[in-house]
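Trainee: Provided herewith: data-v3.cif, mmCIF, C-alpha atoms.
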```
data_structure
loop_
_atom_site.label_atom_id
_atom_site.label_comp_id
_atom_site.auth_asym_id
_atom_site.auth_seq_id
_atom_site.Cartn_x
_atom_site.Cartn_y
_atom_site.Cartn_z
CA MET A 288 77.72 -19.04 -77.56
CA ALA A 289 81.28 -17.75 -77.46
CA SER A 290 82.27 -15.89 -74.31
CA LEU A 291 83.64 -12.39 -74.52
CA ASP A 292 87.45 -12.41 -74.92
CA LEU A 293 88.49 -9.43 -72.83
CA ILE A 294 92.13 -10.55 -72.60
CA THR A 295 92.56 -10.31 -76.38
CA ALA A 296 90.80 -6.94 -76.38
CA LEU A 297 93.10 -5.61 -73.65
CA GLN A 298 96.20 -6.85 -75.45
CA ALA A 299 95.13 -4.99 -78.59
CA LEU A 300 94.20 -1.90 -76.61
CA ALA A 301 97.57 -1.75 -74.84
CA SER A 302 99.39 -1.12 -78.12
CA SER A 303 97.42 2.02 -78.88
CA ARG A 304 96.43 3.17 -75.37
CA PRO A 305 99.11 2.23 -72.83
CA VAL A 306 97.80 4.81 -70.33
CA PHE A 307 94.49 6.57 -69.67
CA HIS A 308 93.54 9.92 -68.24
CA SER A 309 90.76 8.56 -66.06
CA GLU A 310 88.45 5.63 -65.44
CA ALA A 311 85.94 7.14 -67.86
CA ASP A 312 88.69 7.32 -70.50
CA LEU A 313 89.44 3.61 -69.95
CA GLN A 314 85.75 2.76 -70.13
CA HIS A 315 85.29 4.52 -73.44
CA ALA A 316 88.50 3.15 -74.97
CA LEU A 317 87.67 -0.45 -74.03
CA ALA A 318 84.16 -0.11 -75.44
CA TRP A 319 85.63 1.24 -78.68
CA GLN A 320 88.16 -1.61 -78.87
CA LEU A 321 85.43 -4.23 -78.39
CA GLN A 322 83.43 -2.64 -81.18
CA LEU A 323 86.45 -2.57 -83.49
CA HIS A 324 87.19 -6.23 -82.80
CA ASP A 325 83.70 -7.34 -83.81
CA ARG A 326 81.26 -4.98 -85.53
CA GLN A 327 78.36 -7.19 -84.41
CA THR A 328 79.20 -6.62 -80.76
CA GLN A 329 76.90 -4.16 -79.00
CA VAL A 330 78.41 -2.15 -76.15
CA ARG A 331 76.39 0.08 -73.84
CA LEU A 332 77.95 2.39 -71.26
CA GLU A 333 76.43 3.32 -67.90
CA THR A 334 73.28 1.24 -68.26
CA ARG A 335 70.76 1.31 -65.42
CA PRO A 336 69.82 -2.17 -64.21
CA ARG A 337 68.01 -0.39 -61.42
CA ARG A 338 67.20 3.25 -60.71
CA GLY A 339 70.25 4.96 -59.23
CA ILE A 340 72.57 2.10 -60.24
CA HIS A 341 74.92 2.33 -63.22
CA LEU A 342 76.80 -0.56 -64.83
CA ASP A 343 80.05 0.45 -66.54
CA LEU A 344 79.64 -1.76 -69.62
CA LEU A 345 76.95 -4.11 -70.85
CA VAL A 346 78.29 -6.08 -73.82
CA ARG A 347 76.12 -8.20 -76.14
CA HIS A 348 78.34 -10.63 -78.02
CA ASP A 349 77.23 -13.70 -79.97
CA GLY A 350 73.95 -13.86 -78.05
CA GLN A 351 75.67 -13.50 -74.67
CA ARG A 352 75.15 -10.55 -72.31
CA THR A 353 78.24 -9.67 -70.29
CA ALA A 354 78.31 -7.17 -67.42
CA VAL A 355 81.66 -5.42 -66.88
CA GLU A 356 82.73 -3.24 -63.97
CA LEU A 357 85.99 -1.28 -64.24
CA LYS A 358 88.42 0.21 -61.74
CA TYR A 359 91.39 2.41 -62.70
CA LEU A 360 93.60 2.61 -59.59
CA ILE A 361 96.53 4.92 -60.19
CA ALA A 362 99.74 6.17 -58.65
CA ARG A 363 101.26 9.50 -59.63
CA LEU A 364 102.53 9.63 -63.19
CA HIS A 365 103.39 12.49 -65.52
CA THR A 366 104.19 11.53 -69.09
CA SER A 367 103.72 12.58 -72.69
CA LEU A 368 102.85 10.18 -75.54
CA ASP A 369 102.74 11.45 -79.12
CA GLY A 370 102.29 14.97 -77.85
CA GLU A 371 99.46 14.04 -75.47
CA VAL A 372 100.16 14.89 -71.84
CA PHE A 373 99.00 12.56 -69.09
CA ASP A 374 99.09 13.87 -65.53
CA LEU A 375 97.83 11.19 -63.16
CA PRO A 376 97.42 11.97 -59.45
CA HIS A 377 98.24 9.56 -56.64
CA GLN A 378 94.90 8.20 -55.47
CA ALA A 379 96.10 6.63 -52.21
CA ALA A 380 93.27 5.19 -50.05
CA GLN A 381 94.11 1.69 -51.30
CA ASP A 382 92.07 0.11 -48.51
CA ILE A 383 88.87 1.83 -49.66
CA SER A 384 89.61 0.99 -53.30
CA ARG A 385 90.07 -2.70 -52.44
CA TYR A 386 86.69 -2.73 -50.71
CA ASP A 387 85.12 -1.12 -53.77
CA VAL A 388 86.62 -3.77 -56.07
CA VAL A 389 85.13 -6.58 -53.98
CA ASN A 390 81.84 -4.70 -53.90
CA ASP A 391 81.95 -4.60 -57.72
CA ILE A 392 82.35 -8.39 -57.77
CA MET A 393 79.30 -8.77 -55.56
CA ARG A 394 77.36 -6.35 -57.76
CA VAL A 395 78.15 -8.27 -60.95
CA GLU A 396 77.26 -11.53 -59.18
CA THR A 397 73.86 -10.06 -58.39
CA LEU A 398 73.28 -8.95 -61.98
CA VAL A 399 74.14 -12.44 -63.24
CA ALA A 400 72.04 -14.20 -60.60
CA ASP A 401 69.07 -11.97 -61.39
CA GLY A 402 69.24 -12.57 -65.13
CA TYR A 403 70.27 -9.06 -66.22
CA ALA A 404 73.48 -10.58 -67.63
CA ASP A 405 74.62 -14.09 -68.54
CA ASP A 406 78.12 -13.62 -67.15
CA GLY A 407 80.42 -10.79 -66.14
CA TYR A 408 83.86 -9.47 -65.35
CA VAL A 409 85.49 -7.12 -62.89
CA LEU A 410 88.53 -5.43 -64.42
CA VAL A 411 91.14 -3.56 -62.37
CA LEU A 412 93.92 -1.65 -64.15
CA SER A 413 96.65 -0.09 -62.04
CA ASN A 414 100.21 1.24 -61.99
CA ASP A 415 100.32 0.99 -58.18
CA ALA A 416 102.31 -2.12 -57.23
CA GLY A 417 100.73 -2.00 -53.78
CA TYR A 418 97.71 -3.74 -55.23
CA TRP A 419 99.46 -6.79 -56.68
CA ARG A 420 102.23 -7.15 -54.06
CA PRO A 421 101.28 -8.79 -50.74
CA GLY A 422 103.31 -6.40 -48.60
CA THR A 423 104.97 -7.13 -45.27
CA ARG A 424 102.74 -5.40 -42.73
CA THR A 425 100.49 -7.39 -40.43
CA ASN A 426 97.22 -6.64 -38.65
CA LEU A 427 95.88 -4.74 -41.67
CA ILE A 428 92.39 -3.24 -41.43
CA ASP A 429 91.66 -4.29 -45.04
CA ALA A 430 93.26 -7.75 -44.91
CA ALA A 431 90.02 -9.39 -46.10
CA PHE A 432 89.89 -7.22 -49.23
CA ARG A 433 93.51 -7.57 -50.36
CA LEU A 434 93.95 -8.21 -54.09
CA HIS A 435 97.61 -9.25 -54.30
CA GLU A 436 98.91 -11.98 -56.60
CA GLY A 437 97.74 -15.44 -55.49
CA ARG A 438 95.04 -14.15 -53.14
CA THR A 439 91.67 -15.94 -53.11
CA LEU A 440 88.48 -13.96 -52.52
CA ASP A 441 85.43 -15.84 -51.27
CA GLY A 442 82.84 -15.99 -48.52
CA ILE A 443 81.99 -13.07 -46.22
CA LEU A 444 84.65 -10.34 -46.16
CA SER A 445 84.76 -7.68 -43.46
CA TRP A 446 86.95 -4.88 -42.16
CA ALA A 447 89.21 -5.72 -39.23
CA ALA A 448 87.77 -4.85 -35.84
CA HIS A 449 90.20 -1.96 -35.37
CA ALA A 450 89.27 -0.20 -38.64
CA GLY A 451 88.46 3.44 -38.03
CA ALA A 452 85.08 5.01 -38.70
CA GLY A 453 86.65 7.48 -41.10
CA THR A 454 87.94 4.69 -43.33
CA THR A 455 84.79 2.57 -43.29
CA ARG A 456 82.29 5.40 -43.66
CA ASN A 457 79.55 4.37 -46.12
CA ARG A 458 81.32 1.02 -46.49
CA THR A 459 80.54 -0.67 -43.19
CA THR A 460 78.60 -3.64 -44.51
CA PRO A 461 80.44 -6.98 -44.86
CA LEU A 462 80.56 -8.18 -48.46
CA ARG A 463 79.21 -11.63 -49.33
CA LEU A 464 80.63 -13.38 -52.38
CA ARG A 465 78.94 -16.40 -53.94
CA GLY A 466 81.90 -17.37 -56.11
CA ARG A 467 85.59 -18.00 -55.54
CA TYR A 468 88.05 -15.64 -57.23
CA GLU A 469 91.78 -16.18 -57.71
CA CYS A 470 93.79 -12.98 -58.12
CA GLN A 471 96.14 -13.33 -61.08
CA TRP A 472 97.63 -10.08 -62.35
CA ARG A 473 98.75 -9.68 -65.98
CA ASP A 474 101.11 -7.14 -67.51
CA TYR A 475 99.42 -4.42 -69.54
CA SER A 476 102.03 -1.77 -70.49
CA VAL A 477 105.18 0.04 -69.39
CA VAL A 478 105.20 3.83 -69.65
CA THR A 479 108.23 6.12 -69.30
CA ALA A 480 107.55 9.12 -67.10
CA THR A 481 108.95 12.56 -67.94
CA ASP A 482 111.60 12.10 -65.25
CA GLY A 483 112.81 8.90 -66.94
CA ARG A 484 111.35 6.43 -64.46
CA LEU A 485 109.35 3.46 -65.72
CA SER A 486 105.75 2.95 -64.63
CA LYS A 487 104.33 -0.54 -65.11
CA PHE A 488 100.60 -1.03 -65.60
CA ARG A 489 99.07 -4.40 -64.76
CA TYR A 490 95.49 -5.63 -64.75
CA LEU A 491 93.38 -8.02 -62.73
CA LEU A 492 90.49 -9.66 -64.58
CA LEU A 493 87.99 -11.61 -62.48
CA PRO A 494 85.32 -13.60 -64.35
CA VAL A 495 81.87 -14.00 -62.81
CA GLN A 496 79.93 -17.04 -63.99
CA ALA A 497 76.61 -18.40 -62.80
CA SER A 498 77.93 -21.98 -62.88
CA THR A 499 80.54 -21.22 -60.22
CA MET A 500 78.29 -19.24 -57.88
CA LYS A 501 76.84 -20.75 -54.74
CA PRO A 502 73.37 -19.88 -53.40
CA PRO A 503 73.21 -16.59 -51.47
CA LEU A 504 74.93 -16.68 -48.10
CA PRO A 505 72.98 -15.74 -44.96
CA ALA A 506 72.72 -12.00 -44.48
CA ALA A 507 75.69 -10.56 -42.64
CA PRO A 508 74.89 -8.12 -39.84
CA SER A 509 75.40 -4.47 -40.63
CA THR A 510 77.36 -2.17 -38.36
CA THR A 511 75.14 -0.37 -35.86
CA ARG A 512 74.92 3.40 -35.80
CA PRO A 513 73.20 5.95 -33.53
CA GLU A 514 69.46 5.89 -34.03
CA VAL A 515 67.71 8.85 -35.58
CA PRO A 516 64.16 9.59 -34.39
CA GLY A 517 61.58 8.43 -36.90
CA THR A 518 63.86 5.98 -38.69
CA VAL A 519 64.45 2.26 -38.55
CA PRO A 520 67.37 1.51 -36.17
CA SER A 521 70.45 0.75 -38.22
CA ALA A 522 71.01 -2.54 -36.40
CA ASP A 523 67.78 -3.71 -38.05
CA LEU A 524 68.86 -2.75 -41.55
CA THR A 525 70.57 -4.85 -44.15
CA VAL A 526 72.29 -3.60 -47.26
CA ASP A 527 71.72 -5.12 -50.69
CA ALA A 528 74.41 -5.77 -53.30
CA PHE A 529 73.97 -2.25 -54.64
CA GLY A 530 74.71 -0.61 -51.28
CA HIS A 531 71.14 0.44 -50.41
CA GLU A 532 69.90 -0.01 -46.83
CA GLN A 533 66.68 -1.97 -46.43
CA ALA A 534 64.47 -3.01 -43.55
CA PRO A 535 64.31 -6.66 -42.45
CA GLY A 536 62.55 -8.93 -44.94
CA VAL A 537 62.78 -6.42 -47.78
CA HIS A 538 64.87 -7.39 -50.77
CA SER A 539 65.80 -5.48 -53.88
CA PRO A 540 64.08 -6.86 -57.01
CA GLN A 541 67.62 -7.31 -58.35
CA ALA A 542 68.89 -9.07 -55.24
CA GLY A 543 68.90 -12.54 -56.76
CA VAL A 544 67.36 -14.52 -53.89
CA ALA A 545 67.62 -18.27 -54.45
CA ALA A 546 64.37 -19.94 -55.52
CA SER A 547 63.13 -23.46 -56.06
CA SER A 548 62.68 -24.15 -59.78
CA PRO A 549 65.48 -24.11 -62.36
CA THR A 550 65.61 -21.76 -65.33
CA PRO A 551 66.67 -22.94 -68.79
CA ARG A 552 70.18 -21.74 -67.95
CA GLY A 553 70.27 -23.71 -64.72
CA ARG A 554 69.66 -20.87 -62.27
CA THR A 555 66.63 -19.22 -60.70
CA THR A 556 65.58 -15.61 -60.33
CA ALA A 557 62.65 -13.68 -58.93
CA ARG A 558 61.33 -13.25 -62.47
CA THR A 559 61.37 -16.97 -63.32
CA GLU A 560 59.56 -17.85 -60.09
CA ILE A 561 56.96 -15.14 -60.70
CA LEU A 562 56.39 -16.38 -64.27
CA ALA A 563 55.91 -19.92 -63.01
CA ALA A 564 53.34 -18.68 -60.49
CA ILE A 565 51.51 -16.70 -63.19
CA ASP A 566 51.44 -19.75 -65.46
CA ALA A 567 49.77 -21.68 -62.64
CA ILE A 568 47.20 -18.91 -62.19
CA VAL A 569 46.41 -18.75 -65.92
CA THR A 570 46.10 -22.54 -66.09
CA ARG A 571 43.22 -22.27 -63.63
CA GLY A 572 41.36 -20.07 -66.15
CA ILE A 573 42.20 -16.71 -64.56
CA ARG A 574 43.25 -14.33 -67.35
CA GLU A 575 43.51 -11.14 -65.31
CA PHE A 576 45.06 -10.99 -61.88
CA ALA A 577 46.49 -8.65 -59.23
CA SER A 578 49.94 -8.70 -57.69
CA ALA A 579 48.28 -10.04 -54.53
CA ASP A 580 47.22 -13.13 -56.51
CA VAL A 581 50.83 -13.69 -57.61
CA ILE A 582 52.07 -13.25 -54.03
CA ALA A 583 49.53 -15.79 -52.77
CA GLU A 584 50.53 -18.33 -55.45
CA LEU A 585 54.23 -17.88 -54.66
CA ARG A 586 53.55 -18.43 -50.96
CA ARG A 587 51.54 -21.55 -51.79
CA ARG A 588 54.52 -22.83 -53.82
CA GLY A 589 56.87 -22.29 -50.89
CA CYS A 590 58.79 -19.27 -52.20
CA ARG A 591 60.02 -16.66 -49.72
CA TYR A 592 60.43 -13.50 -51.74
CA ALA A 593 59.51 -10.29 -49.91
CA VAL A 594 56.18 -8.72 -50.80
CA GLY A 595 57.96 -5.57 -51.98
CA THR A 596 60.13 -7.57 -54.37
CA ILE A 597 57.19 -9.35 -56.00
CA THR A 598 55.08 -6.21 -56.23
CA THR A 599 57.88 -4.19 -57.85
CA MET A 600 58.64 -6.92 -60.36
CA VAL A 601 54.97 -7.30 -61.40
CA THR A 602 54.05 -3.61 -61.50
CA SER A 603 57.31 -2.25 -62.93
CA HIS A 604 60.17 -4.43 -64.16
CA MET A 605 57.95 -6.98 -65.95
CA CYS A 606 55.15 -4.67 -67.12
CA VAL A 607 55.35 -3.21 -70.65
CA ASN A 608 53.12 -0.20 -69.90
CA ALA A 609 54.55 0.64 -66.49
CA THR A 610 55.45 4.25 -65.72
CA SER A 611 59.06 3.25 -65.03
CA PRO A 612 61.33 1.52 -67.62
CA CYS A 613 60.35 -2.10 -68.29
CA GLN A 614 63.12 -4.74 -68.39
CA TRP A 615 61.07 -7.76 -69.47
CA PRO A 616 57.85 -7.50 -71.58
CA ASP A 617 56.04 -10.26 -69.70
CA LEU A 618 52.89 -8.52 -68.46
CA GLU A 619 50.60 -5.61 -69.33
CA ARG A 620 48.37 -3.56 -67.04
CA VAL A 621 44.71 -3.74 -68.11
CA ASP A 622 43.17 -1.74 -65.27
CA ARG A 623 44.16 -0.21 -61.96
CA GLY A 624 46.03 -2.98 -60.13
CA ARG A 625 45.04 -5.62 -62.72
CA TYR A 626 47.45 -7.41 -65.08
CA ARG A 627 47.51 -10.10 -67.74
CA VAL A 628 50.18 -11.94 -69.71
CA HIS A 629 51.49 -9.80 -72.54
CA GLN A 630 50.77 -11.11 -76.03
CA SER A 631 54.50 -11.29 -76.85
CA ARG A 632 54.91 -14.27 -74.51
#
```
Let me see the file written as structure tokens.
Mentor:
Amino acid sequence: MASLDLITALQALASSRPVFHSEADLQHALAWQLQLHDRQTQVRLETRPRRGIHLDLLVRHDGQRTAVELKYLIARLHTSLDGEVFDLPHQAAQDISRYDVVNDIMRVETLVADGYADDGYVLVLSNDAGYWRPGTRTNLIDAAFRLHEGRTLDGILSWAAHAGAGTTRNRTTPLRLRGRYECQWRDYSVVTATDGRLSKFRYLLLPVQASTMKPPLPAAPSTTRPEVPGTVPSADLTVDAFGHEQAPGVHSPQAGVAASSPTPRGRTTARTEILAAIDAIVTRGIREFASADVIAELRRRGCRYAVGTITTMVTSHMCVNATSPCQWPDLERVDRGRYRVHQSR
């Protein structure tokens, strides 16, 4: 299967769209360009791999599913192209934006590890040179998240100890990357502002591939916060790759916890481990089963998925007649709390 050629698509797009009004404008234009390049390519915007989570682009190309997250990080620019006025504000807050880019990498890694996509990309387009230049300041609060030319992103990345609460609000959790990412910026376009100054746009394209990803790193501790009566203390919470807080031992069904048996593509997911457990149950002559039976079989096989993960996968994500959207038509509910293998398998 041929991999998606985003570089060629961006080169073609730059000739007709050297600048965009917004991130949504970029998202739509790139999707349109991919469709023009190959009519057989299917592009979906703002898909929902999980309730409350939106993926910018899901591209199906030559049998390959590619997850794409976009960031449009802009400095002030006022220009007019073919009578169309572009008035871009200065976003500032580069430190927060850098954190969000790394968080996007971790999110795409999770989608690939969990089988929602076969590979992925994180694309950053910017006319702010502060992102691709290393700068001269030291003791930066966002040193771990810097994206400048030649930088390598890997491992656990955290804010510096002296980062203020205002900056890190809602972004306190260290980010854990499974892959290693070299920052190499490429030229996209040069736009002349109305005052005559030139504004250069460059892009950073980071590929996410299952073959280069290591098993999940140990959970990094979250930053403690004042306790609220009736809630789990924040020191006991972890945050998944989608930014949702969870109690100890609870994992998102999309969290991509490493398992023991390989999939045909050489990686494991919660779904593949659950299917293997169900196959073992059916082999013993049991045609209908409960999620508790699947949990028991997984425990017997040495798997360590959280009960909530297994239950959600069986009753929702893998069940064709579940009340919530089904992702994989593996099972069907035959009675209250009872399931069997769907005839399509």
Trainee: For atom CA of Leu462 of chain A and atom CA of Tyr592 of chain A, quote the distance in Å rounded to one decimal.
Mentor: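 Separation of atom CA of Leu462 of chain A and atom CA of Tyr592 of chain A: 21.1 Å.
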Trainee: Name the closest residue to Ser486 of chain A among the candidates A:Pro305, A:Gly339, A:Gly453, A:Gly624; distances are taken between atoms, counting all atoms listed in the file.
Mentor: A:Pro305
Trainee: Just the residues within 8 Å of Arg331 of chain A, please, counting all atoms listed in the file, with nothing from its chain fewer than 3 positions along; format it as a ChimeraX atom specification.
Mentor: /A:318,334,344-346
Trainee: Distance atom CA of Val478 of chain A-atom CA of Asp387 of chain A, one decimal place?
Mentor: 26.1 Å
Trainee: Nearest residue to Asn608 of chain A out of A:Leu297, A:Val621, A:Val409, A:Asp349, using all atoms listed in the file?
Mentor: A:Val621
Trainee: When you look at Arg467 of chain A with a cut-off of 8 Å (counting only C-alpha atoms), what residues show up, excluding the ones that are within fewer than 6 positions of it in the same chain? I need them as a short mmCIF file (atom, residue, chain, number, x, y, z; two decimals) with C-alpha atoms, in the coordinates of the input.
Mentor:
```cif
data_model
loop_
_atom_site.label_atom_id
_atom_site.label_comp_id
_atom_site.auth_asym_id
_atom_site.auth_seq_id
_atom_site.Cartn_x
_atom_site.Cartn_y
_atom_site.Cartn_z
CA THR A 439 91.67 -15.94 -53.11
CA LEU A 440 88.48 -13.96 -52.52
CA ASP A 441 85.43 -15.84 -51.27
CA GLY A 442 82.84 -15.99 -48.52
CA THR A 499 80.54 -21.22 -60.22
CA MET A 500 78.29 -19.24 -57.88
#
```
